[in-house]
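What follows is run_31.cif (mmCIF, C-alpha atoms).
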data_start
loop_
_atom_site.label_atom_id
_atom_site.label_comp_id
_atom_site.auth_asym_id
_atom_site.auth_seq_id
_atom_site.Cartn_x
_atom_site.Cartn_y
_atom_site.Cartn_z
CA MET N 1 -2.61 -6.49 -18.79
CA PRO N 2 0.44 -7.15 -16.54
CA ILE N 3 3.58 -5.12 -17.15
CA THR N 4 6.12 -7.11 -19.16
CA ASN N 5 9.23 -7.73 -17.08
CA ASN N 6 12.70 -6.73 -18.26
CA HIS N 7 16.13 -7.82 -17.09
CA PHE N 8 16.34 -4.76 -14.83
CA GLU N 9 13.44 -3.32 -12.84
CA ILE N 10 14.35 -0.07 -11.09
CA PHE N 11 12.24 1.53 -8.37
CA CYS N 12 12.67 5.17 -7.40
CA GLY N 13 10.69 7.76 -5.48
CA THR N 14 10.75 10.16 -2.57
CA GLY N 15 10.85 8.98 1.02
CA GLY N 16 7.83 7.47 2.75
CA VAL N 17 5.85 6.42 -0.33
CA GLY N 18 6.22 2.63 -0.05
CA LYS N 19 8.90 2.27 -2.71
CA THR N 20 10.69 -0.61 -0.98
CA THR N 21 7.40 -2.40 -0.28
CA LEU N 22 6.33 -2.24 -3.93
CA ALA N 23 9.80 -3.31 -5.13
CA THR N 24 9.52 -6.31 -2.80
CA THR N 25 6.06 -7.24 -4.04
CA ARG N 26 7.24 -6.94 -7.65
CA ALA N 27 10.17 -9.29 -6.92
CA LEU N 28 7.85 -11.79 -5.20
CA TYR N 29 5.44 -11.60 -8.14
CA LEU N 30 8.26 -12.35 -10.60
CA GLN N 31 9.42 -15.26 -8.44
CA GLN N 32 5.87 -16.63 -8.50
CA GLN N 33 5.94 -16.40 -12.31
CA GLY N 34 8.98 -18.67 -12.42
CA PHE N 35 11.83 -16.18 -12.78
CA LYS N 36 15.15 -16.32 -10.97
CA THR N 37 15.00 -12.92 -9.34
CA LEU N 38 17.45 -10.83 -7.35
CA LEU N 39 16.16 -7.94 -5.23
CA ILE N 40 18.86 -5.42 -4.29
CA THR N 41 18.42 -2.42 -2.05
CA ILE N 42 20.95 0.42 -1.98
CA ASP N 43 18.72 2.48 0.30
CA PRO N 44 20.76 3.04 3.50
CA ALA N 45 17.54 3.00 5.55
CA LYS N 46 17.54 -0.81 5.17
CA ARG N 47 13.73 -1.01 5.14
CA LEU N 48 14.08 -4.22 3.12
CA LYS N 49 15.84 -5.89 6.05
CA GLN N 50 12.80 -5.34 8.24
CA LEU N 51 10.33 -6.25 5.54
CA LEU N 52 11.91 -9.61 4.70
CA GLY N 53 13.37 -10.41 8.11
CA ILE N 54 16.91 -10.64 6.74
CA PRO N 55 19.45 -11.38 9.52
CA SER N 56 22.23 -8.85 10.06
CA MET N 57 24.87 -11.48 9.33
CA SER N 58 23.52 -11.74 5.76
CA THR N 59 24.17 -8.08 4.92
CA GLY N 60 26.16 -7.90 1.69
CA GLU N 61 25.26 -11.47 0.65
CA ALA N 62 22.34 -12.86 -1.35
CA TYR N 63 19.70 -14.15 1.08
CA GLN N 64 17.13 -16.62 -0.25
CA VAL N 65 13.57 -15.50 0.49
CA ASP N 66 10.91 -18.09 1.28
CA PRO N 67 7.57 -17.05 -0.31
CA LYS N 68 5.75 -19.13 2.29
CA SER N 69 6.70 -16.44 4.83
CA PHE N 70 4.11 -14.29 3.07
CA SER N 71 1.51 -17.05 2.68
CA LEU N 72 2.45 -17.35 -0.99
CA PRO N 73 2.92 -20.62 -2.89
CA LYS N 74 6.44 -21.92 -3.32
CA GLY N 75 6.36 -20.85 -6.96
CA LYS N 76 8.49 -22.00 -9.85
CA GLY N 77 11.21 -19.39 -9.54
CA LYS N 78 13.70 -18.23 -6.95
CA LEU N 79 14.08 -14.96 -5.05
CA ASP N 80 17.29 -13.73 -3.45
CA ALA N 81 17.49 -10.42 -1.58
CA LEU N 82 20.68 -8.41 -1.10
CA LEU N 83 21.24 -5.59 1.38
CA MET N 84 24.10 -3.82 -0.34
CA SER N 85 27.29 -3.39 1.64
CA GLU N 86 30.01 -1.27 0.05
CA ARG N 87 32.75 -3.39 1.60
CA ALA N 88 31.20 -6.70 0.59
CA ALA N 89 30.53 -5.35 -2.90
CA PHE N 90 34.12 -4.29 -3.40
CA GLN N 91 35.54 -7.56 -2.12
CA ARG N 92 33.17 -9.43 -4.45
CA VAL N 93 33.89 -7.35 -7.53
CA LEU N 94 37.62 -6.85 -6.88
CA PRO N 95 38.74 -9.54 -4.43
CA GLU N 96 42.42 -8.96 -5.16
CA TYR N 97 42.29 -5.38 -3.83
CA GLY N 98 39.58 -5.63 -1.19
CA GLN N 99 41.90 -6.02 1.79
CA ALA N 100 44.19 -3.22 0.65
CA PHE N 101 41.19 -0.90 0.41
CA LEU N 102 40.10 -1.75 3.94
CA GLU N 103 43.58 -1.17 5.36
CA ASN N 104 43.84 2.27 3.78
CA ARG N 105 42.20 4.69 6.21
CA ILE N 106 40.89 7.01 3.51
CA LEU N 107 39.35 4.26 1.41
CA GLY N 108 38.09 2.46 4.49
CA SER N 109 36.08 5.56 5.34
CA LEU N 110 34.64 5.74 1.83
CA LEU N 111 33.49 2.13 2.09
CA ARG N 112 31.32 2.81 5.13
CA PRO N 113 27.57 3.50 4.86
CA TYR N 114 27.10 7.14 3.87
CA GLY N 115 30.80 7.23 3.02
CA GLY N 116 30.16 8.74 -0.41
CA MET N 117 30.69 5.64 -2.58
CA ASN N 118 27.28 4.02 -2.09
CA GLU N 119 25.85 4.80 -5.53
CA ILE N 120 29.08 4.04 -7.41
CA PHE N 121 29.46 0.63 -5.78
CA ALA N 122 25.79 -0.03 -6.48
CA LEU N 123 26.57 0.32 -10.18
CA LEU N 124 29.49 -2.10 -9.82
CA GLU N 125 27.28 -4.51 -7.91
CA LEU N 126 24.58 -4.39 -10.58
CA ASN N 127 27.13 -5.00 -13.30
CA TYR N 128 28.62 -7.93 -11.40
CA PHE N 129 25.30 -9.76 -11.06
CA HIS N 130 24.30 -8.77 -14.59
CA GLN N 131 27.42 -10.41 -15.99
CA SER N 132 27.10 -13.45 -13.71
CA GLY N 133 24.02 -14.62 -15.64
CA LYS N 134 22.55 -16.14 -12.47
CA TYR N 135 19.31 -14.16 -12.55
CA ASP N 136 16.57 -13.55 -15.10
CA VAL N 137 15.51 -10.31 -13.45
CA ILE N 138 17.29 -7.88 -11.12
CA VAL N 139 14.98 -5.59 -9.12
CA LEU N 140 16.71 -2.52 -7.69
CA ASP N 141 15.38 -0.49 -4.77
CA THR N 142 17.16 2.88 -4.97
CA PRO N 143 17.74 5.56 -2.30
CA PRO N 144 14.96 8.14 -1.93
CA GLY N 145 14.75 11.49 -3.67
CA ASP N 146 17.89 13.19 -4.94
CA HIS N 147 20.05 10.26 -3.85
CA PHE N 148 18.48 8.39 -6.77
CA ILE N 149 19.92 11.06 -9.09
CA ASP N 150 23.31 10.40 -7.47
CA PHE N 151 22.95 6.77 -8.53
CA LEU N 152 22.12 7.80 -12.09
CA GLN N 153 25.18 10.06 -12.14
CA ALA N 154 27.50 7.31 -10.90
CA ALA N 155 28.63 6.42 -14.42
CA GLU N 156 29.44 10.06 -15.16
CA LYS N 157 31.46 10.29 -11.95
CA ILE N 158 33.45 7.20 -12.92
CA HIS N 159 34.10 8.60 -16.39
CA GLN N 160 35.27 11.93 -14.97
CA PHE N 161 37.47 10.32 -12.35
CA PHE N 162 39.28 8.16 -14.87
CA ASP N 163 39.76 11.02 -17.33
CA SER N 164 42.68 10.40 -19.69
CA LYS N 165 44.38 13.61 -18.54
CA PHE N 166 45.32 11.92 -15.30
CA ILE N 167 46.24 8.50 -16.63
CA ASP N 168 49.97 9.19 -17.04
CA LEU N 169 50.33 10.53 -13.51
CA PHE N 170 48.48 7.68 -11.89
CA ASN N 171 50.24 5.09 -14.01
CA SER N 172 53.46 6.38 -12.45
CA LEU N 173 51.92 5.97 -9.02
CA GLN N 174 50.83 2.44 -9.85
CA ASN N 175 54.24 1.41 -11.10
CA TYR N 176 55.89 2.87 -8.04
CA LEU N 177 53.59 1.28 -5.47
CA GLN N 178 53.87 -2.09 -7.20
CA GLY N 179 57.62 -2.01 -6.76
CA LYS N 180 59.44 -3.01 -3.59
CA LYS N 181 60.79 0.37 -2.51
CA SER N 182 62.05 1.46 0.84
CA LYS N 183 60.02 3.81 3.00
CA GLU N 184 62.56 6.58 2.47
CA LYS N 185 62.46 6.25 -1.29
CA LYS N 186 58.67 6.16 -1.16
CA ARG N 187 58.60 9.48 0.65
CA GLY N 188 61.03 10.91 -1.83
CA PHE N 189 58.80 9.81 -4.67
CA VAL N 190 55.74 11.40 -3.05
CA LYS N 191 57.61 14.72 -2.84
CA LYS N 192 58.55 14.39 -6.50
CA VAL N 193 54.90 13.75 -7.46
CA LEU N 194 53.78 16.75 -5.45
CA SER N 195 56.31 18.98 -7.15
CA GLN N 196 55.16 17.87 -10.60
CA GLY N 197 51.40 18.29 -10.29
CA ILE N 198 48.95 19.11 -7.55
CA GLY N 199 51.76 20.93 -5.77
CA LYS N 200 50.65 23.71 -3.49
CA LEU N 201 47.42 22.14 -2.35
CA MET N 202 49.00 18.79 -1.51
CA HIS N 203 51.97 20.47 0.14
CA TYR N 204 49.60 22.43 2.37
CA LEU N 205 47.67 19.23 3.07
CA GLY N 206 50.90 17.57 4.15
CA GLN N 207 51.67 20.40 6.55
CA VAL N 208 48.23 20.17 8.13
CA THR N 209 47.74 16.40 8.24
CA GLY N 210 51.27 15.06 8.10
CA GLU N 211 53.21 13.25 5.42
CA GLN N 212 51.72 9.87 6.34
CA PHE N 213 48.26 11.08 5.39
CA VAL N 214 49.56 12.37 2.06
CA GLU N 215 51.16 8.99 1.39
CA GLU N 216 47.89 7.22 2.20
CA PHE N 217 46.09 9.61 -0.13
CA VAL N 218 48.52 8.84 -2.96
CA GLU N 219 48.18 5.12 -2.23
CA ALA N 220 44.36 5.42 -2.28
CA ILE N 221 44.41 7.03 -5.71
CA SER N 222 46.77 4.38 -6.97
CA LEU N 223 44.57 1.57 -5.65
CA PHE N 224 41.61 3.07 -7.48
CA TYR N 225 43.60 3.03 -10.68
CA HIS N 226 44.79 -0.51 -10.11
CA SER N 227 41.13 -1.51 -10.10
CA LYS N 228 39.96 0.86 -12.82
CA SER N 229 39.01 -1.95 -15.23
CA ALA N 230 36.04 -2.94 -13.01
CA PHE N 231 34.86 0.67 -12.87
CA ILE N 232 35.28 1.14 -16.62
CA ASP N 233 33.39 -2.11 -17.33
CA ALA N 234 30.46 -0.81 -15.29
CA LEU N 235 30.14 2.19 -17.62
CA ALA N 236 28.66 -0.05 -20.31
CA LEU N 237 25.79 -0.87 -17.97
CA GLN N 238 24.50 2.68 -18.27
CA ASN N 239 23.40 2.00 -21.85
CA VAL N 240 21.52 -1.11 -20.70
CA LEU N 241 19.71 0.86 -18.01
CA LYS N 242 18.72 3.50 -20.55
CA ASP N 243 17.27 0.91 -22.92
CA GLY N 244 13.51 0.60 -22.48
CA LYS N 245 13.63 -2.90 -23.96
CA LYS N 246 15.91 -4.09 -21.15
CA THR N 247 14.90 -1.96 -18.18
CA ASN N 248 11.62 -1.00 -16.55
CA TRP N 249 11.61 2.21 -14.49
CA TYR N 250 9.02 2.60 -11.74
CA LEU N 251 8.47 6.01 -10.19
CA THR N 252 6.58 5.58 -6.93
CA THR N 253 4.42 8.20 -5.28
CA SER N 254 1.73 8.15 -2.62
CA VAL N 255 -1.78 9.53 -2.30
CA GLU N 256 -1.50 9.55 1.46
CA HIS N 257 1.67 11.62 1.57
CA GLN N 258 0.75 13.89 -1.35
CA LYS N 259 4.19 13.37 -2.88
CA ILE N 260 3.10 13.75 -6.48
CA LYS N 261 4.83 17.13 -7.08
CA GLU N 262 8.10 15.74 -5.77
CA ALA N 263 7.61 12.71 -8.02
CA TYR N 264 7.20 14.91 -11.10
CA ALA N 265 10.34 16.86 -10.18
CA LEU N 266 12.21 13.58 -9.85
CA GLN N 267 10.88 12.50 -13.25
CA ARG N 268 12.12 15.70 -14.90
CA ASN N 269 15.56 15.49 -13.29
CA SER N 270 16.04 11.86 -14.28
CA ALA N 271 14.50 11.94 -17.78
CA ARG N 272 17.82 12.21 -19.63
CA TYR N 273 19.07 8.96 -18.11
CA PHE N 274 16.62 6.61 -19.82
CA SER N 275 14.62 6.41 -23.03
CA GLY N 276 12.04 3.72 -22.40
CA LYS N 277 8.64 3.67 -20.75
CA GLN N 278 8.32 4.98 -17.24
CA HIS N 279 5.64 3.46 -15.06
CA LEU N 280 4.03 5.56 -12.34
CA LEU N 281 3.00 3.65 -9.24
CA ILE N 282 0.43 5.42 -7.07
CA ASN N 283 0.49 3.82 -3.65
CA GLN N 284 -1.86 3.91 -0.66
CA SER N 285 -4.97 4.73 -2.67
CA LEU N 286 -8.36 4.70 -0.93
CA LEU N 287 -10.39 5.05 -4.14
CA SER N 288 -11.91 1.56 -4.05
CA GLU N 289 -12.96 2.03 -0.41
CA LEU N 290 -14.38 5.48 -1.19
CA ASN N 291 -16.47 4.07 -4.02
CA LEU N 292 -17.93 1.44 -1.70
CA TRP N 293 -18.54 3.85 1.16
CA GLN N 294 -22.18 4.94 1.58
CA PRO N 295 -22.23 7.77 4.13
CA SER N 296 -25.65 8.69 5.48
CA ASP N 297 -25.21 12.39 6.34
CA ILE N 298 -24.30 15.33 4.10
CA PRO N 299 -20.96 16.32 5.74
CA LEU N 300 -19.59 12.80 5.27
CA GLN N 301 -20.92 12.71 1.72
CA LYS N 302 -19.04 15.93 0.97
CA LEU N 303 -15.89 14.47 2.54
CA GLN N 304 -16.25 11.37 0.38
CA GLU N 305 -16.68 13.44 -2.76
CA THR N 306 -13.70 15.67 -1.94
CA MET N 307 -11.41 12.70 -1.30
CA ARG N 308 -12.63 10.87 -4.40
CA ASN N 309 -12.19 13.92 -6.65
CA LYS N 310 -8.70 14.47 -5.29
CA GLU N 311 -7.62 10.96 -6.18
CA ASN N 312 -9.32 11.05 -9.59
CA GLU N 313 -7.58 14.32 -10.45
CA LEU N 314 -4.27 12.79 -9.43
CA ILE N 315 -4.87 9.73 -11.61
CA GLN N 316 -5.98 11.83 -14.59
CA TYR N 317 -2.94 14.07 -14.25
CA ALA N 318 -0.68 11.02 -14.07
CA GLU N 319 -2.27 9.49 -17.18
CA ASN N 320 -1.34 12.61 -19.14
CA CYS N 321 2.28 12.65 -17.95
CA PHE N 322 3.26 8.97 -17.89
CA GLU N 323 3.00 6.24 -20.48
CA SER N 324 1.51 3.79 -17.99
CA MET N 325 0.27 3.76 -14.42
CA MET N 326 -0.73 1.40 -11.63
CA VAL N 327 -2.74 2.20 -8.52
CA PHE N 328 -2.09 0.20 -5.34
CA PRO N 329 -4.61 0.16 -2.49
CA SER N 330 -3.99 1.34 1.03
CA VAL N 331 -4.09 -1.93 2.95
CA THR N 332 -4.30 -1.48 6.70
CA HIS N 333 -6.48 -4.30 8.00
CA PHE N 334 -4.12 -7.20 7.24
CA PRO N 335 -1.07 -8.43 9.17
CA PRO N 336 2.15 -7.40 7.31
CA ASP N 337 2.56 -10.76 5.57
CA GLU N 338 -1.03 -10.70 4.32
CA GLN N 339 -0.58 -7.11 3.15
CA ILE N 340 2.44 -8.13 1.06
CA LYS N 341 0.48 -11.07 -0.35
CA HIS N 342 -2.40 -8.76 -1.30
CA LEU N 343 -0.08 -6.28 -3.04
CA VAL N 344 1.65 -9.10 -4.96
CA THR N 345 -1.69 -9.96 -6.60
CA CYS N 346 -2.04 -6.34 -7.77
CA TRP N 347 0.79 -6.89 -10.24
CA GLU N 348 -1.36 -9.42 -12.09
CA LYS N 349 -3.95 -6.77 -12.99
#

Represent the structure from my file as structure tokens, please.
Amino acid sequence: MPITNNHFEIFCGTGGVGKTTLATTRALYLQQQGFKTLLITIDPAKRLKQLLGIPSMSTGEAYQVDPKSFSLPKGKGKLDALLMSERAAFQRVLPEYGQAFLENRILGSLLRPYGGMNEIFALLELNYFHQSGKYDVIVLDTPPGDHFIDFLQAAEKIHQFFDSKFIDLFNSLQNYLQGKKSKEKKRGFVKKVLSQGIGKLMHYLGQVTGEQFVEEFVEAISLFYHSKSAFIDALALQNVLKDGKKTNWYLTTSVEHQKIKEAYALQRNSARYFSGKQHLLINQSLLSELNLWQPSDIPLQKLQETMRNKENELIQYAENCFESMMVFPSVTHFPPDEQIKHLVTCWEK
């Protein structure tokens, strides 16, 4: 029986197991079933760009995928793919502050790939499209390994950053930077702030980097707090992602790469972030080919039996640890588009 889709479908796994490929085939399958589907990747490797042939100019914007490119019928639904860009995401979610963020050197650095804000802006991006109501299903391709845990912790980081202990201080910064003050008064205010709070550290920072850097740092914090409502709104999404009735979680591993131990470690580390069913996807399986293979000599027969037992043990182990499981074949004899088409049909089983 096919897996019932939810509003969110989240794919995670270690590197090199075909996570992005299976997320893509799931999104194409849902499109074929008549759903308006959005496929988002926050994996900096940008494998999705290669897989779907998305032009560089479309990075950060929803790009409509033509199923015919994969020899699939037009289908009743729609599929858009989005290569997440931190800058585009921020300007979409908070257009009134986007330019100010880019002009601030500190924040501009954070908005670059690998700048440290990737997972947090992914949460904002998800919340934006969730609230837009434009899509029936949002499929998310997450970064590999521990970076997936960083995404799960994004809500906690937001909560900690906007802790109420700091609200009064940053409200003062906001009020000041909103006003039309002279540069001299601004510097005087910065000195006053430094003397009231984070004193010695910031004073030392000013000596090393210069007062201009300190001012940009204070401005960066204030800009974050100007836009805090969007970050706070995204916190509510965490409860949706935890809800098994609204979100499917797919943990992907691979027979070929023997990543199963890493997959189990990832499952344990992420278990507290969701309460619903977790589906294990075992990719690149040769079991069907092994069952059809009829070797004539004893050494090859032993090899067949060893490989078959290894996969069966993996499947049995997975059945005891996960509530559901799917096995995807290792397809090597098709062109890439035919391989995708073949994997799409696996979701119907």

Could you list, as a PyMOL selection string, every residue matched by the PyMOL selection byres ((chain N and resi 264) around 10) in this structure?
chain N and resi 13+251+253+259-263+265-270+280+318+321-322

Written file, previous selection with C-alpha atoms, as an mmCIF file, in the coordinates of the input:
data_model
loop_
_atom_site.group_PDB
_atom_site.id
_atom_site.type_symbol
_atom_site.label_atom_id
_atom_site.label_comp_id
_atom_site.auth_asym_id
_atom_site.auth_seq_id
_atom_site.Cartn_x
_atom_site.Cartn_y
_atom_site.Cartn_z
ATOM 1 C CA GLY N 13 10.690 7.760 -5.480
ATOM 2 C CA LEU N 251 8.470 6.010 -10.190
ATOM 3 C CA THR N 253 4.420 8.200 -5.280
ATOM 4 C CA LYS N 259 4.190 13.370 -2.880
ATOM 5 C CA ILE N 260 3.100 13.750 -6.480
ATOM 6 C CA LYS N 261 4.830 17.130 -7.080
ATOM 7 C CA GLU N 262 8.100 15.740 -5.770
ATOM 8 C CA ALA N 263 7.610 12.710 -8.020
ATOM 9 C CA ALA N 265 10.340 16.860 -10.180
ATOM 10 C CA LEU N 266 12.210 13.580 -9.850
ATOM 11 C CA GLN N 267 10.880 12.500 -13.250
ATOM 12 C CA ARG N 268 12.120 15.700 -14.900
ATOM 13 C CA ASN N 269 15.560 15.490 -13.290
ATOM 14 C CA SER N 270 16.040 11.860 -14.280
ATOM 15 C CA LEU N 280 4.030 5.560 -12.340
ATOM 16 C CA ALA N 318 -0.680 11.020 -14.070
ATOM 17 C CA CYS N 321 2.280 12.650 -17.950
ATOM 18 C CA PHE N 322 3.260 8.970 -17.890
#

Rank N:Leu241, N:Ile138, N:Ile42, N:Leu82 by their smallest atom-to-atom distance to Phe121 in chain N, using all atoms listed in the file, and report the top residue only.
N:Ile42

Identify all residues satisfying the PyMOL selection byres ((chain N and resi 308) around 10) in the given file; provide them as a count of residues only.
19

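Counting all atoms listed in the file and comparing N:Thr20, N:Thr252, N:His159, N:Leu39, the residue that lies closest to Lys228 in chain N is N:His159.
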
What residues come out when you apply the PyMOL selection byres ((chain N and resi 324-341) around 6) to this file, written as a compact mmCIF listing (two decimals) with C-alpha atoms, keeping the file's coordinate frame?
# COMPACT_ATOMS: atom_id res chain seq x y z
CA PHE N 70 4.11 -14.29 3.07
CA HIS N 279 5.64 3.46 -15.06
CA LEU N 280 4.03 5.56 -12.34
CA LEU N 281 3.00 3.65 -9.24
CA ILE N 282 0.43 5.42 -7.07
CA ASN N 283 0.49 3.82 -3.65
CA GLN N 284 -1.86 3.91 -0.66
CA SER N 285 -4.97 4.73 -2.67
CA LEU N 286 -8.36 4.70 -0.93
CA PHE N 322 3.26 8.97 -17.89
CA GLU N 323 3.00 6.24 -20.48
CA HIS N 342 -2.40 -8.76 -1.30
CA LEU N 343 -0.08 -6.28 -3.04
CA VAL N 344 1.65 -9.10 -4.96

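The spacing separating CA of Met57 in chain N from CA of Asp43 in chain N amounts to 17.7 Å.
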
Taking 4 positions as the minimum chain separation for residues in the same chain, which residues sit within 10 Å of Phe224 in chain N when counting only C-alpha atoms? Answer as a count of residues only.
13

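If you look at CA of Arg26 in chain N and CA of Ala122 in chain N, they are 19.8 Å away from each other.
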
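Each of N:Gln131, N:Asn104, N:Thr142, N:Gln294 was checked against Val218 in chain N using all atoms listed in the file; the smallest atom-to-atom distance is that of N:Asn104.
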
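Reported to one decimal place, the separation of CA of Ile149 in chain N from CA of Tyr225 in chain N is 25.1 Å.
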
Mind checking which residues fall within 12 Å of Glu125 in chain N, counting all atoms listed in the file, ignoring those fewer than 4 positions away in the same chain, and posting them as a ChimeraX atom specification?
/N:38-42,60-62,82-94,117-121,129-132,138,140,230-231,233-234,237

Using only C-alpha atoms, which residues sit within 9 Å of Gln32 in chain N once same-chain residues fewer than 2 positions away are excluded, as a PyMOL selection string?
chain N and resi 27-30+34-35+67+72-78
